[in-house]
file entry04.pdb (PDB, C-alpha atoms, pLDDT in the B column)
ATOM      1  CA  MET L  24       8.882 -11.676  11.736  1.00 75.00           C
ATOM      2  CA  ASN L  25      12.022  -9.619  11.240  1.00 87.00           C
ATOM      3  CA  GLY L  26      12.673  -6.380   9.356  1.00 87.00           C
ATOM      4  CA  TRP L  27      13.411  -8.129   6.082  1.00 90.00           C
ATOM      5  CA  LEU L  28      10.074  -9.928   6.030  1.00 92.00           C
ATOM      6  CA  LEU L  29       8.347  -6.632   6.865  1.00 92.00           C
ATOM      7  CA  GLY L  30      10.166  -5.067   3.904  1.00 92.00           C
ATOM      8  CA  ALA L  31       8.976  -7.909   1.687  1.00 93.00           C
ATOM      9  CA  LEU L  32       5.416  -7.331   2.912  1.00 94.00           C
ATOM     10  CA  ALA L  33       5.670  -3.620   2.079  1.00 93.00           C
ATOM     11  CA  LEU L  34       6.949  -4.496  -1.401  1.00 93.00           C
ATOM     12  CA  VAL L  35       3.976  -6.841  -1.898  1.00 95.00           C
ATOM     13  CA  ILE L  36       1.735  -3.804  -1.343  1.00 93.00           C
ATOM     14  CA  GLY L  37       3.644  -2.200  -4.215  1.00 92.00           C
ATOM     15  CA  LEU L  38       2.345  -4.956  -6.489  1.00 94.00           C
ATOM     16  CA  VAL L  39      -1.204  -3.576  -6.186  1.00 94.00           C
ATOM     17  CA  PRO L  40      -0.613  -0.485  -8.423  1.00 93.00           C
ATOM     18  CA  CYS L  41       1.160  -2.742 -10.938  1.00 93.00           C
ATOM     19  CA  GLY L  42      -1.853  -5.044 -10.988  1.00 93.00           C
ATOM     20  CA  VAL L  43      -4.202  -2.102 -11.511  1.00 94.00           C
ATOM     21  CA  VAL L  44      -2.085  -0.898 -14.453  1.00 93.00           C
ATOM     22  CA  CYS L  45      -2.052  -4.445 -15.872  1.00 92.00           C
ATOM     23  CA  SER L  46      -5.827  -4.732 -15.766  1.00 92.00           C
ATOM     24  CA  ARG L  47      -6.881  -1.591 -17.629  1.00 88.00           C
ATOM     25  CA  GLY L  48      -5.824   0.624 -20.519  1.00 83.00           C
ATOM     26  CA  ASN L  49      -4.315  -0.356 -23.857  1.00 88.00           C
ATOM     27  CA  PRO L  50      -1.933  -3.337 -24.276  1.00 88.00           C
ATOM     28  CA  MET L  51       1.312  -1.339 -24.096  1.00 90.00           C
ATOM     29  CA  ASP L  52       0.329   0.209 -20.764  1.00 91.00           C
ATOM     30  CA  ARG L  53      -0.412  -3.267 -19.454  1.00 92.00           C
ATOM     31  CA  LEU L  54       2.995  -4.501 -20.621  1.00 92.00           C
ATOM     32  CA  VAL L  55       4.705  -1.709 -18.664  1.00 93.00           C
ATOM     33  CA  GLY L  56       2.732  -2.767 -15.582  1.00 93.00           C
ATOM     34  CA  LEU L  57       3.891  -6.354 -16.103  1.00 93.00           C
ATOM     35  CA  GLU L  58       7.556  -5.341 -16.383  1.00 93.00           C
ATOM     36  CA  MET L  59       7.275  -3.233 -13.259  1.00 93.00           C
ATOM     37  CA  ALA L  60       5.700  -6.158 -11.404  1.00 94.00           C
ATOM     38  CA  GLY L  61       8.596  -8.363 -12.534  1.00 94.00           C
ATOM     39  CA  THR L  62      11.160  -5.960 -11.068  1.00 94.00           C
ATOM     40  CA  VAL L  63       9.229  -5.654  -7.801  1.00 95.00           C
ATOM     41  CA  ASN L  64       8.885  -9.452  -7.599  1.00 95.00           C
ATOM     42  CA  THR L  65      12.652  -9.849  -7.984  1.00 94.00           C
ATOM     43  CA  LEU L  66      13.218  -7.445  -5.094  1.00 94.00           C
ATOM     44  CA  ILE L  67      10.591  -9.288  -3.012  1.00 95.00           C
ATOM     45  CA  LEU L  68      12.421 -12.582  -3.552  1.00 94.00           C
ATOM     46  CA  LEU L  69      15.711 -10.933  -2.524  1.00 93.00           C
ATOM     47  CA  THR L  70      14.292  -9.621   0.739  1.00 94.00           C
ATOM     48  CA  LEU L  71      12.511 -12.923   1.470  1.00 94.00           C
ATOM     49  CA  ALA L  72      15.733 -14.883   0.904  1.00 93.00           C
ATOM     50  CA  GLU L  73      17.560 -12.607   3.328  1.00 91.00           C
ATOM     51  CA  GLY L  74      14.680 -12.785   5.803  1.00 91.00           C
ATOM     52  CA  TYR L  75      14.723 -16.574   5.879  1.00 91.00           C
ATOM     53  CA  HIS L  76      18.581 -16.812   5.871  1.00 88.00           C
ATOM     54  CA  GLN L  77      18.685 -19.291   3.014  1.00 86.00           C
ATOM     55  CA  ALA L  78      21.506 -18.616   0.526  1.00 86.00           C
ATOM     56  CA  ILE L  79      19.933 -20.978  -2.016  1.00 90.00           C
ATOM     57  CA  PHE L  80      16.778 -18.806  -2.237  1.00 91.00           C
ATOM     58  CA  PHE L  81      18.787 -16.047  -3.955  1.00 92.00           C
ATOM     59  CA  ASP L  82      18.932 -18.246  -7.060  1.00 93.00           C
ATOM     60  CA  LEU L  83      15.175 -17.714  -7.456  1.00 93.00           C
ATOM     61  CA  ALA L  84      15.702 -13.956  -7.759  1.00 93.00           C
ATOM     62  CA  ILE L  85      18.398 -14.470 -10.407  1.00 94.00           C
ATOM     63  CA  VAL L  86      16.127 -16.771 -12.416  1.00 95.00           C
ATOM     64  CA  LEU L  87      13.166 -14.404 -12.120  1.00 94.00           C
ATOM     65  CA  ALA L  88      15.254 -11.419 -13.280  1.00 93.00           C
ATOM     66  CA  LEU L  89      16.349 -13.337 -16.384  1.00 94.00           C
ATOM     67  CA  LEU L  90      12.870 -14.700 -17.161  1.00 94.00           C
ATOM     68  CA  THR L  91      11.237 -11.263 -16.751  1.00 94.00           C
ATOM     69  CA  PHE L  92      13.710  -9.914 -19.293  1.00 94.00           C
ATOM     70  CA  ALA L  93      13.053 -12.696 -21.807  1.00 94.00           C
ATOM     71  CA  GLY L  94       9.289 -12.564 -21.346  1.00 93.00           C
ATOM     72  CA  GLY L  95       9.189  -8.787 -21.682  1.00 92.00           C
ATOM     73  CA  LEU L  96      11.147  -8.931 -24.926  1.00 93.00           C
ATOM     74  CA  VAL L  97       8.798 -11.566 -26.365  1.00 93.00           C
ATOM     75  CA  PHE L  98       5.704  -9.559 -25.369  1.00 92.00           C
ATOM     76  CA  ALA L  99       7.185  -6.358 -26.828  1.00 91.00           C
ATOM     77  CA  ARG L 100       7.986  -8.087 -30.110  1.00 90.00           C
ATOM     78  CA  PHE L 101       4.516  -9.560 -30.487  1.00 90.00           C
ATOM     79  CA  LEU L 102       2.701  -6.392 -29.393  1.00 88.00           C
ATOM     80  CA  GLU L 103       4.419  -4.427 -32.167  1.00 85.00           C
ATOM     81  CA  ARG L 104       2.047  -5.592 -34.868  1.00 78.00           C
ATOM     82  CA  TRP L 105       0.446  -8.954 -34.252  1.00 72.00           C
ATOM     83  CA  LEU L 106      -1.597  -8.592 -31.094  1.00 67.00           C
TER      84      LEU L 106
ATOM     85  CA  MET R  15      29.465  -3.221  18.297  1.00 61.00           C
ATOM     86  CA  THR R  16      30.502  -2.758  14.669  1.00 74.00           C
ATOM     87  CA  ALA R  17      28.173  -5.571  13.597  1.00 76.00           C
ATOM     88  CA  THR R  18      25.277  -3.903  15.427  1.00 83.00           C
ATOM     89  CA  VAL R  19      25.933  -0.592  13.655  1.00 84.00           C
ATOM     90  CA  ALA R  20      26.145  -2.385  10.303  1.00 82.00           C
ATOM     91  CA  HIS R  21      22.812  -4.113  10.966  1.00 84.00           C
ATOM     92  CA  GLY R  22      21.153  -0.809  11.871  1.00 87.00           C
ATOM     93  CA  VAL R  23      22.496   0.866   8.741  1.00 89.00           C
ATOM     94  CA  ALA R  24      21.302  -2.137   6.717  1.00 89.00           C
ATOM     95  CA  TYR R  25      17.749  -1.679   7.993  1.00 91.00           C
ATOM     96  CA  VAL R  26      17.813   2.039   7.141  1.00 92.00           C
ATOM     97  CA  VAL R  27      19.094   1.345   3.623  1.00 92.00           C
ATOM     98  CA  LEU R  28      16.475  -1.386   3.202  1.00 92.00           C
ATOM     99  CA  GLY R  29      13.760   1.091   4.177  1.00 93.00           C
ATOM    100  CA  VAL R  30      15.048   3.585   1.615  1.00 94.00           C
ATOM    101  CA  GLY R  31      15.023   0.928  -1.097  1.00 93.00           C
ATOM    102  CA  VAL R  32      11.495  -0.219  -0.271  1.00 94.00           C
ATOM    103  CA  ALA R  33      10.263   3.403  -0.218  1.00 94.00           C
ATOM    104  CA  VAL R  34      11.824   4.171  -3.616  1.00 94.00           C
ATOM    105  CA  THR R  35      10.288   1.038  -5.117  1.00 94.00           C
ATOM    106  CA  LEU R  36       6.825   1.828  -3.747  1.00 94.00           C
ATOM    107  CA  MET R  37       7.055   5.406  -5.051  1.00 93.00           C
ATOM    108  CA  SER R  38       7.942   4.222  -8.539  1.00 94.00           C
ATOM    109  CA  CYS R  39       5.023   1.748  -8.459  1.00 93.00           C
ATOM    110  CA  LEU R  40       2.745   4.695  -7.711  1.00 93.00           C
ATOM    111  CA  GLY R  41       4.398   6.635 -10.544  1.00 92.00           C
ATOM    112  CA  VAL R  42       3.601   3.838 -12.998  1.00 92.00           C
ATOM    113  CA  LEU R  43      -0.001   3.960 -11.794  1.00 92.00           C
ATOM    114  CA  VAL R  44      -0.618   7.704 -12.108  1.00 92.00           C
ATOM    115  CA  MET R  45       1.211   8.536 -15.364  1.00 89.00           C
ATOM    116  CA  PRO R  46      -1.038   9.058 -18.403  1.00 87.00           C
ATOM    117  CA  ASN R  47       0.637   7.149 -21.271  1.00 87.00           C
ATOM    118  CA  VAL R  48       3.171   4.424 -22.071  1.00 89.00           C
ATOM    119  CA  PHE R  49       6.249   6.606 -22.464  1.00 90.00           C
ATOM    120  CA  ASP R  50       5.654   8.445 -19.199  1.00 91.00           C
ATOM    121  CA  ARG R  51       4.984   5.165 -17.409  1.00 91.00           C
ATOM    122  CA  LEU R  52       8.232   3.653 -18.716  1.00 92.00           C
ATOM    123  CA  HIS R  53      10.288   6.321 -16.974  1.00 92.00           C
ATOM    124  CA  TYR R  54       9.050   5.085 -13.628  1.00 92.00           C
ATOM    125  CA  THR R  55      10.277   1.520 -14.116  1.00 92.00           C
ATOM    126  CA  ALA R  56      13.874   2.792 -13.953  1.00 92.00           C
ATOM    127  CA  PRO R  57      14.119   3.912 -10.261  1.00 92.00           C
ATOM    128  CA  ALA R  58      12.890   0.551  -8.997  1.00 91.00           C
ATOM    129  CA  SER R  59      15.589  -1.399 -10.839  1.00 91.00           C
ATOM    130  CA  THR R  60      18.464   1.054 -10.253  1.00 93.00           C
ATOM    131  CA  VAL R  61      18.063   2.995  -7.002  1.00 94.00           C
ATOM    132  CA  GLY R  62      15.638   0.624  -5.290  1.00 93.00           C
ATOM    133  CA  ALA R  63      17.539  -2.522  -6.256  1.00 94.00           C
ATOM    134  CA  PHE R  64      20.869  -0.916  -5.338  1.00 94.00           C
ATOM    135  CA  ALA R  65      19.624   0.063  -1.888  1.00 95.00           C
ATOM    136  CA  ILE R  66      18.153  -3.373  -1.143  1.00 94.00           C
ATOM    137  CA  VAL R  67      21.261  -5.184  -2.412  1.00 94.00           C
ATOM    138  CA  LEU R  68      23.497  -2.825  -0.434  1.00 93.00           C
ATOM    139  CA  ALA R  69      21.485  -3.645   2.689  1.00 93.00           C
ATOM    140  CA  ILE R  70      21.943  -7.379   2.067  1.00 92.00           C
ATOM    141  CA  VAL R  71      25.691  -6.964   1.465  1.00 92.00           C
ATOM    142  CA  LEU R  72      26.025  -4.873   4.640  1.00 91.00           C
ATOM    143  CA  ARG R  73      24.352  -7.681   6.528  1.00 88.00           C
ATOM    144  CA  GLU R  74      25.959 -10.721   4.885  1.00 85.00           C
ATOM    145  CA  GLY R  75      29.299  -9.440   3.589  1.00 85.00           C
ATOM    146  CA  LEU R  76      30.631 -10.950   0.389  1.00 86.00           C
ATOM    147  CA  SER R  77      29.393 -14.446   1.144  1.00 88.00           C
ATOM    148  CA  ALA R  78      27.402 -16.555  -1.339  1.00 88.00           C
ATOM    149  CA  ALA R  79      24.245 -14.592  -0.523  1.00 88.00           C
ATOM    150  CA  GLY R  80      25.964 -11.220  -0.961  1.00 90.00           C
ATOM    151  CA  VAL R  81      27.538 -12.171  -4.274  1.00 92.00           C
ATOM    152  CA  LYS R  82      24.261 -13.595  -5.592  1.00 92.00           C
ATOM    153  CA  SER R  83      22.346 -10.445  -4.688  1.00 92.00           C
ATOM    154  CA  LEU R  84      25.050  -8.343  -6.370  1.00 93.00           C
ATOM    155  CA  LEU R  85      24.551 -10.526  -9.452  1.00 94.00           C
ATOM    156  CA  VAL R  86      20.816  -9.820  -9.334  1.00 94.00           C
ATOM    157  CA  PHE R  87      21.555  -6.086  -9.170  1.00 94.00           C
ATOM    158  CA  VAL R  88      23.886  -6.266 -12.183  1.00 95.00           C
ATOM    159  CA  LEU R  89      21.279  -8.260 -14.118  1.00 94.00           C
ATOM    160  CA  LEU R  90      18.546  -5.719 -13.361  1.00 93.00           C
ATOM    161  CA  LEU R  91      20.901  -2.865 -14.253  1.00 94.00           C
ATOM    162  CA  ILE R  92      21.652  -4.401 -17.658  1.00 94.00           C
ATOM    163  CA  THR R  93      18.232  -5.772 -18.616  1.00 94.00           C
ATOM    164  CA  ASN R  94      15.949  -2.905 -17.552  1.00 93.00           C
ATOM    165  CA  PRO R  95      17.196  -0.307 -20.115  1.00 94.00           C
ATOM    166  CA  VAL R  96      17.043  -2.924 -22.879  1.00 94.00           C
ATOM    167  CA  LEU R  97      13.492  -3.821 -21.893  1.00 94.00           C
ATOM    168  CA  SER R  98      12.439  -0.161 -21.683  1.00 94.00           C
ATOM    169  CA  HIS R  99      13.886   0.498 -25.124  1.00 94.00           C
ATOM    170  CA  ALA R 100      12.145  -2.542 -26.617  1.00 93.00           C
ATOM    171  CA  THR R 101       8.821  -1.552 -25.059  1.00 93.00           C
ATOM    172  CA  ALA R 102       9.033   2.067 -26.220  1.00 92.00           C
ATOM    173  CA  ARG R 103      10.013   0.906 -29.707  1.00 91.00           C
ATOM    174  CA  ALA R 104       7.060  -1.495 -29.825  1.00 91.00           C
ATOM    175  CA  ALA R 105       4.738   1.284 -28.647  1.00 90.00           C
ATOM    176  CA  ARG R 106       5.977   3.553 -31.447  1.00 88.00           C
ATOM    177  CA  ILE R 107       5.541   0.827 -34.040  1.00 88.00           C
ATOM    178  CA  ARG R 108       1.943   0.293 -32.863  1.00 86.00           C
ATOM    179  CA  GLN R 109       1.364   4.035 -33.034  1.00 81.00           C
ATOM    180  CA  PHE R 110       3.040   5.031 -36.317  1.00 79.00           C
ATOM    181  CA  GLY R 111       3.771   1.786 -38.182  1.00 78.00           C
ATOM    182  CA  HIS R 112       7.540   2.133 -37.644  1.00 78.00           C
ATOM    183  CA  TRP R 113       9.725   3.553 -34.905  1.00 78.00           C
ATOM    184  CA  VAL R 114      11.707   6.251 -36.746  1.00 77.00           C
ATOM    185  CA  ALA R 115      10.851   9.854 -35.771  1.00 69.00           C
ATOM    186  CA  LEU R 116       8.414  11.538 -38.154  1.00 69.00           C
ATOM    187  CA  ARG R 117       8.285  15.189 -39.076  1.00 60.00           C
ATOM    188  CA  ALA R 118       4.637  15.605 -38.220  1.00 61.00           C
ATOM    189  CA  GLU R 119       4.022  13.290 -35.297  1.00 62.00           C
ATOM    190  CA  ARG R 120       0.520  13.775 -34.034  1.00 60.00           C
ATOM    191  CA  VAL R 121       1.312  12.897 -30.448  1.00 59.00           C
ATOM    192  CA  GLU R 122      -1.505  15.011 -29.039  1.00 60.00           C
ATOM    193  CA  GLU R 123      -4.143  13.220 -31.114  1.00 62.00           C
ATOM    194  CA  TRP R 124      -2.743   9.856 -30.082  1.00 59.00           C
ATOM    195  CA  GLU R 125      -2.759  10.845 -26.430  1.00 59.00           C
ATOM    196  CA  ALA R 126      -6.365  11.983 -26.797  1.00 63.00           C
ATOM    197  CA  ASP R 127      -7.219   8.550 -28.236  1.00 62.00           C
ATOM    198  CA  THR R 128      -5.685   6.481 -25.466  1.00 57.00           C
TER     199      THR R 128
END

call {"tool": "encode", "arguments": {"input": "entry04.pdb", "output": "structure tokens"}}
result
Amino acid sequence: MNGWLLGALALVIGLVPCGVVCSRGNPMDRLVGLEMAGTVNTLILLTLAEGYHQAIFFDLAIVLALLTFAGGLVFARFLERWL
Amino acid sequence: MTATVAHGVAYVVLGVGVAVTLMSCLGVLVMPNVFDRLHYTAPASTVGAFAIVLAIVLREGLSAAGVKSLLVFVLLLITNPVLSHATARAARIRQFGHWVALRAERVEEWEADT
């Protein structure tokens, strides 16, 4: 257990408010909670990759950043009128 | 000696980044409506991500890991404003039917509804 893994653990605690926002309110509020959780998850993967000293794990953070972007755009487009 | 100092500074910068990210998570939780919540997604992907990536680069240098984490930072920096804009636009379309500013926007009534 080094400092990076402790940082990742602290960031996981930050997912709790995002989950609360995702699970109540109107759909747009929930979408904002989802986007915030995507950003926090990317940072968690960065700190975990550094904590485990595996350069290949950083690719996961890159992929998650791109997929959060694409997914958020799709959700925003469909929540405009159709959902 | 220099490496030890760099590692210590990296831990401090990492702590700053984690603290900023946690604060902005709390901000998303406590704000009352969509547009106020959206403001709090920005610090996590600019200041928080920059601090964490800076800590990794201080530790690793510009190796494969450092360059990849810099790439993640650039991606977050580019995609987060686009995503915020798209979300705010979608929220306005749900609220008013289109996203252009109206002369008599009844924002107070809408806030009372939600």

call {"tool": "atom_distance", "arguments": {"input": "entry04.pdb", "atom1": "CA of Val34 (chain R)", "atom2": "CA of Ala78 (chain L)"}}
result
25.1 Å

call {"tool": "resolve_selection", "arguments": {"input": "entry04.pdb", "expression": "the PyMOL selection byres ((chain L and resi 65) around 8)", "output": "list in words"}}
result
Gly61, Thr62, Val63, Asn64, Leu66, Ile67, Leu68, Leu69, Ala84, Ile85, Leu87 and Ala88 of chain L

call {"tool": "write_last_selection", "arguments": {"input": "entry04.pdb", "atoms": "C-alpha atoms", "output": "JSON list (two decimals), keeping the file's coordinate frame"}}
result
[["chain", "number", "residue", "atom", "x", "y", "z"],
["L", 61, "GLY", "CA", 8.60, -8.36, -12.53],
["L", 62, "THR", "CA", 11.16, -5.96, -11.07],
["L", 63, "VAL", "CA", 9.23, -5.65, -7.80],
["L", 64, "ASN", "CA", 8.88, -9.45, -7.60],
["L", 66, "LEU", "CA", 13.22, -7.44, -5.09],
["L", 67, "ILE", "CA", 10.59, -9.29, -3.01],
["L", 68, "LEU", "CA", 12.42, -12.58, -3.55],
["L", 69, "LEU", "CA", 15.71, -10.93, -2.52],
["L", 84, "ALA", "CA", 15.70, -13.96, -7.76],
["L", 85, "ILE", "CA", 18.40, -14.47, -10.41],
["L", 87, "LEU", "CA", 13.17, -14.40, -12.12],
["L", 88, "ALA", "CA", 15.25, -11.42, -13.28]]

call {"tool": "interface_residues", "arguments": {"input": "entry04.pdb", "of": "chain L", "to": "chain R", "cutoff": "6 Å", "atoms": "only C-alpha atoms", "output": "list in words"}}
result
Gly37, Pro40, Val44, Asp52, Met59, Ala78, Ile85, Ala99 and Glu103 of chain L

call {"tool": "atom_distance", "arguments": {"input": "entry04.pdb", "atom1": "CA of Ala60 (chain L)", "atom2": "CA of Cys41 (chain L)"}}
result
5.7 Å

call {"tool": "residues_around", "arguments": {"input": "entry04.pdb", "residues": "Gly74 (chain L)", "least_positions_apart": "4", "cutoff": "8 Å", "atoms": "only C-alpha atoms", "output": "NGL selection string"}}
result
:L and (25-28 or 70)

call {"tool": "atom_distance", "arguments": {"input": "entry04.pdb", "atom1": "CA of Val43 (chain L)", "atom2": "CA of Ala65 (chain R)"}}
result
25.8 Å

call {"tool": "residues_near_point", "arguments": {"input": "entry04.pdb", "point": "(25.0, -0.2, 7.2)", "cutoff": "9 Å", "atoms": "all atoms listed in the file", "output": "count of residues only"}}
result
15

call {"tool": "closest_residue", "arguments": {"input": "entry04.pdb", "among": "L:Glu58, L:Ala72, L:Ala93, L:Val86", "to": "Leu38 (chain L)", "atoms": "all atoms listed in the file"}}
result
L:Glu58

call {"tool": "axis_aligned_box", "arguments": {"input": "entry04.pdb", "around": "region 45-48 of chain L", "padding_each_side": "6 Å", "output": "lines of an AutoDock Vina configuration file"}}
result
center_x = -4.5
center_y = -2.1
center_z = -18.1
size_x = 16.8
size_y = 17.4
size_z = 16.8
